[in-house]
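S.K.: Take this structure first; my questions come after.
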Amino acid sequence: MKKLFFLPALAAMMFSSCSSDEPTVDNPTGKDGESYMAINIKNIGQGSRAAAVGNPEFEAGLDKEGNITKENLYFLFFDGNGNAFPLAYANVNGEVTTNMVKPSEIAWDKTDGTEDKTLTGVLVLGKAVGEGYIGKKPSTVICVANPNTDVMAKLENKNLPSVLATVTNIPADVNATWYGANAKFLMTNSVYANADANASSLIQEVNVTGCIKDSPEEAKANPAYIYIERVAAKVRATYASTMDIQKRVKNEDGTTTVVTGENATFLLDNEEVTFTAAINGWQLYNTAVQANAFKVLDLTKANAFTWKWNDVDRHRSYWAVSNQGATLEDNTWDIYDAASFTNQSFATATPDANIAYCYENTGFTGVEANDRTPNSATAIIVKATISAKKKDGTIINNIDMMRWSGAYYTVDRLKQRIADAYKAKFPDATVSADKVKFVENSTKDNTYHALYDNYDMSELFGSILWWKNGVTSYSVNIEHFGGLIGVVRNHIYDYTFNGLIGLGVPGNDPNTPEEKEQFLACYVRVLNWHVV
């Protein structure tokens with residue numbers, strides 16, 4: 001499997017699970033206030049590919065990935081010290097004091113003759129508490145779109161550090177949230193660094209000094225430009241429905257070569273065969289259940305990267321620190337259950353199909369893309385079904401196959417070999433292959449041991465791999481820029497699977513089973529003739 005490229009784009013999720021209850025804070029249509037602020041919420045810049053940082057590919061979000069309504073758009077105001085800036089205005093529940101404001105109307109406009117969209121609106125800010133706006137106005141604002149409303153209500157009148165420290169949990173019903181007709185994706189302020197990219201240059205909130213005006217018309221002439229990004233990453237896969245299985249062979253100098261086609265032969269029942277695999281689907285593995293609602297950057301670490309992770313002109317960055325306290329999803333799945341792998345084959349990339357979303361996970365950069373030892377990197381697991389082709393053209397579809405002592409066998413042939421071994425141990429016994437059965441090892445490492453009529457044969461037949469009806473799996477840890485392993489919000493990881501090497505891993509443990517084969521090296525020294 002080869003990663004072709006990934007496309008930075010808009011992608012995100014919900015604060016925890018959905019809720020239909022709105023906070024009581026609102027700006028009723030037609031209410032007047034003493035001050036106003038116009039907003040321009042920008043689709044994070046796609047811009048010229050020639051000027052792009054890193055991979056120059058961008059892709060607009062799908063309609064469902066960009067849905068924002070006035071009912072699901074919130075603004076939190078703060079003073080220059082990061083304290084909540086409370087406002088007072090009439091509400092359906094009476095007079096309230098809050099730093100949370102919602103627009104009464106919003107509109108989507110095209111800008112500069114491009115296809116980029118800008119969401120525009122005017123906020124009615126009401127009166128400042130105390131002396132009103134005399135000598136003091138809000139300094140900064142945080143924008144949140146499509147949050148869980150219960151969580152959002154708890155952020156009211158909190159200071160800026162508390163708001164920025166908010167975490168978001170994966171929705172209880174993921175499919176209804178991300179794929180349904182009313183799909184909503186959580187969006188929060190874009191986080192990046194200024195041109196200096198030093199420890200004090202982090203840009204999280206938006207400075208609105210000079211944007212607070214006495215009339216809607218004045219405000220529209222001096223809007224606050226706010227850039228938001230979705231909190232999720234998006235993964236997309238493209239592949240042919242059937243692939244020939246390639247073979248990696250070791251050369252005499254210790255290097256390896258991958259052979260394909262008719263040269264990629266394997267020994268099955270001591271007969272040369274070639275294998276093909278039908279791709280049944282894929283899913284994500286090791287996905288985080290929790291994320292930082294607002295992106296966290298470690299500028300010290302980021303500045304050590306050799307690739308450009310920061311893009312001031314586009315108000316964005318290409319790395320993040322994932323929530324260190326987040327656990328990974330309990331990825332229990334049954335590789336033999338077709339419903340566990342619902343994404344089907346697509347020969348060409350399709351923006352709105354064969355996709356999955358996940359929270360960012362960047363804490364495990366030490367692993368390799370093809371490392372299948374136990375690790376916590378977010379990975380793609382591909383399910384496939386193997387068929388064998390003999391030299392005479394005979395095809396065995398969905399072959400029930402085992403590997404023992406470095407060789408491949410059909411199940412019936414290995415049973416016969418085990419029966420023969422039992423006969424060699426007990427010469428007086430009358431044996432039958434039907435008395436052989438296979439039991440999964442207690443270590444749950446996808447290996448089996450053999451019993452003959454309940455006699456334990458594991459001393460010789462104790463580490464057997466079993467591709468039941470040919471079902472197998474392949475995996476790749478998702479790779480970011482600079483060879484780092486990890487997924488970052490606001491990116492599409494677009495993969496094309498263009499080859500399968502080897503027969504993959506059978507069973508429901510995604511890690512490679514350890515084949516407990518033993519080897520003995522010896523020198524054979526022929527003694528010289530002894531002359532008498």
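Ligands are numbered from 1 in the order shown, chains are lettered A, B, ... in the order of the structure tokens, and residues start at 1 in each chain.
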Could you go through region 378-446 of chain A and tell me which residues DSSP, when run on the backbone, assigns to helix (DSSP H, G or I), listing them as a list in words?
M.R.: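 Selecting the helix (DSSP H, G or I) positions of region 378-446 of chain A gives Val411, Asp412, Arg413, Leu414, Lys415, Gln416, Arg417, Ile418, Ala419, Asp420, Ala421, Tyr422, Lys423, Ala424, Lys425, Ala433, Asp434 and Lys435 of chain A.
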S.K.: Between A:Val487, A:Leu297, A:Val259, A:Val249, which is the closest to Gln204 (chain A) once you count only C-alpha atoms?
M.R.: A:Leu297
S.K.: Near Val382 (chain A), counting only C-alpha atoms, which residues have an atom at most 7 Å away, once you skip same-chain residues fewer than 4 positions from it, shown as an MDAnalysis selection string?
M.R.: chainID A and resid 281:283 473:475
S.K.: Write to file, as a PDB file, in the first residue's frame, the residues of the selection just made, with N, CA, C and O atoms.
M.R.:
ATOM      1  N   GLY A 281     -12.971  -4.308   1.861  1.00  0.00           N
ATOM      2  CA  GLY A 281     -13.271  -3.055   2.538  1.00  0.00           C
ATOM      3  C   GLY A 281     -12.146  -2.661   3.482  1.00  0.00           C
ATOM      4  O   GLY A 281     -11.131  -3.350   3.586  1.00  0.00           O
ATOM      5  N   TRP A 282     -12.332  -1.532   4.184  1.00  0.00           N
ATOM      6  CA  TRP A 282     -11.303  -1.049   5.097  1.00  0.00           C
ATOM      7  C   TRP A 282     -11.961  -0.304   6.237  1.00  0.00           C
ATOM      8  O   TRP A 282     -13.142   0.070   6.174  1.00  0.00           O
ATOM      9  N   GLN A 283     -11.194  -0.071   7.290  1.00  0.00           N
ATOM     10  CA  GLN A 283     -11.660   0.750   8.406  1.00  0.00           C
ATOM     11  C   GLN A 283     -10.455   1.335   9.119  1.00  0.00           C
ATOM     12  O   GLN A 283      -9.309   0.909   8.909  1.00  0.00           O
ATOM     13  N   SER A 473      -5.916  -9.685   6.459  1.00  0.00           N
ATOM     14  CA  SER A 473      -5.931  -8.227   6.624  1.00  0.00           C
ATOM     15  C   SER A 473      -4.538  -7.665   6.382  1.00  0.00           C
ATOM     16  O   SER A 473      -3.526  -8.326   6.616  1.00  0.00           O
ATOM     17  N   TYR A 474      -4.520  -6.423   5.905  1.00  0.00           N
ATOM     18  CA  TYR A 474      -3.300  -5.651   5.718  1.00  0.00           C
ATOM     19  C   TYR A 474      -3.479  -4.325   6.461  1.00  0.00           C
ATOM     20  O   TYR A 474      -4.614  -3.880   6.689  1.00  0.00           O
ATOM     21  N   SER A 475      -2.389  -3.683   6.817  1.00  0.00           N
ATOM     22  CA  SER A 475      -2.527  -2.406   7.518  1.00  0.00           C
ATOM     23  C   SER A 475      -1.400  -1.464   7.135  1.00  0.00           C
ATOM     24  O   SER A 475      -0.342  -1.876   6.658  1.00  0.00           O
TER      25      SER A 475
END
S.K.: Please provide the set of residues having any atom within 10 Å of Phe75 (chain A), restricted to only C-alpha atoms, with same-chain residues fewer than 2 positions apart removed, written as a list in words.
M.R.: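 Everything that qualifies: Leu73, Phe77, Asn99, Met100, Val101, Lys102, Pro103, Leu123, Val141, Ile142, Cys143, Val144, Ala145 and Glu156 of chain A.
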S.K.: With C-alpha atoms retained, could you export that selection as a PDB file, in the first residue's frame?
M.R.:
ATOM      1  CA  LEU A  73     -22.734  29.685  15.610  1.00  0.00           C
ATOM      2  CA  PHE A  77     -15.705  37.894  23.822  1.00  0.00           C
ATOM      3  CA  ASN A  99     -19.837  37.126  26.937  1.00  0.00           C
ATOM      4  CA  MET A 100     -21.555  34.736  24.513  1.00  0.00           C
ATOM      5  CA  VAL A 101     -23.244  36.202  21.442  1.00  0.00           C
ATOM      6  CA  LYS A 102     -25.052  34.600  18.512  1.00  0.00           C
ATOM      7  CA  PRO A 103     -25.887  36.269  15.183  1.00  0.00           C
ATOM      8  CA  LEU A 123     -23.492  40.717  15.859  1.00  0.00           C
ATOM      9  CA  VAL A 141     -13.157  36.819  20.210  1.00  0.00           C
ATOM     10  CA  ILE A 142     -13.345  33.055  19.884  1.00  0.00           C
ATOM     11  CA  CYS A 143     -15.686  31.477  17.342  1.00  0.00           C
ATOM     12  CA  VAL A 144     -17.289  28.026  17.641  1.00  0.00           C
ATOM     13  CA  ALA A 145     -19.604  26.419  15.085  1.00  0.00           C
ATOM     14  CA  GLU A 156     -20.261  31.083  29.080  1.00  0.00           C
TER      15      GLU A 156
END
S.K.: If we count only C-alpha atoms and set the cut-off at 8 Å, which residues sit around Trp466 (chain A), ignoring sequence neighbours fewer than 3 positions away in its own chain? Please answer as a list in words.
M.R.: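 Neighbouring residues, sequence-local ones excluded: Asp400, Met401, Met402, Arg403, Asn446, Thr447, Tyr448, Pro506 and Gly507 of chain A.
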S.K.: List the neighbours of Pro161 (chain A) out to 8 Å using only C-alpha atoms; skip same-chain residues closer than 3 positions along the sequence, and give me the result as a list in words.
M.R.: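 Once the nearby chain positions are removed, what remains is Gly82, Leu164 and Ala165 of chain A.
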S.K.: With N, CA and C atoms retained, could you export that selection as a CSV table (one decimal), in the first residue's frame?
M.R.:
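Output contents, as saved in result37.csv:
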chain,number,residue,atom,x,y,z
A,82,GLY,N,-7.6,38.4,28.7
A,82,GLY,CA,-8.2,37.0,28.6
A,82,GLY,C,-9.4,36.8,29.5
A,164,LEU,N,-10.0,27.7,25.9
A,164,LEU,CA,-9.0,27.0,25.0
A,164,LEU,C,-8.6,25.6,25.5
A,165,ALA,N,-8.8,25.3,26.8
A,165,ALA,CA,-8.5,24.0,27.3
A,165,ALA,C,-9.6,23.0,27.2
S.K.: Near Asn292 (chain A), counting only C-alpha atoms, which residues have an atom at most 7 Å away, once you skip same-chain residues fewer than 3 positions from it, shown as a tab-separated table (two decimals) with N, CA, C and O atoms, in the first residue's frame?
M.R.:
chain	number	residue	atom	x	y	z
A	166	THR	N	-10.69	23.39	26.57
A	166	THR	CA	-11.83	22.50	26.43
A	166	THR	C	-11.46	21.28	25.58
A	166	THR	O	-10.75	21.39	24.58
A	167	VAL	N	-11.95	20.12	26.00
A	167	VAL	CA	-11.77	18.90	25.21
A	167	VAL	C	-13.12	18.50	24.64
A	167	VAL	O	-14.17	18.87	25.16
A	168	THR	N	-13.08	17.74	23.57
A	168	THR	CA	-14.30	17.28	22.92
A	168	THR	C	-14.27	15.77	22.81
A	168	THR	O	-13.24	15.19	22.49
A	295	LYS	N	-7.00	23.68	18.58
A	295	LYS	CA	-5.71	23.06	18.26
A	295	LYS	C	-4.63	23.52	19.24
A	295	LYS	O	-4.54	24.69	19.61
A	322	SER	N	-1.78	16.22	19.87
A	322	SER	CA	-3.07	15.58	20.19
A	322	SER	C	-3.24	15.50	21.69
A	322	SER	O	-2.28	15.61	22.46
A	323	ASN	N	-4.48	15.30	22.10
A	323	ASN	CA	-4.82	15.27	23.52
A	323	ASN	C	-4.11	14.10	24.20
A	323	ASN	O	-4.41	12.94	23.93
S.K.: Could you check the closest approach to Pro86 (chain A) for each of A:Ile381, A:Val532, A:Ser376, A:Lys137 and tell me which residue wins, using only C-alpha atoms?
M.R.: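 Checking each of A:Ile381, A:Val532, A:Ser376, A:Lys137 against Pro86 (chain A), counting only C-alpha atoms, the winner is A:Lys137.
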S.K.: Find, counting only C-alpha atoms, the residue in A:Leu484, A:Asp269, A:Asp494, A:Ser340 that gets nearest to Val411 (chain A).
M.R.: A:Asp269
S.K.: Just checking: using only C-alpha atoms, which residue out of A:Arg372, A:Val296, A:Ala193, A:Lys127 ends up closest to Lys308 (chain A)?
M.R.: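 Checking each of A:Arg372, A:Val296, A:Ala193, A:Lys127 against Lys308 (chain A), counting only C-alpha atoms, the winner is A:Ala193.
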S.K.: Of the residues A:Gly210, A:Pro427, A:Gly486, A:Gly261, which is the one nearest to Trp319 (chain A), using only C-alpha atoms?
M.R.: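 Comparing A:Gly210, A:Pro427, A:Gly486, A:Gly261 against Trp319 (chain A), the winner is A:Gly486.
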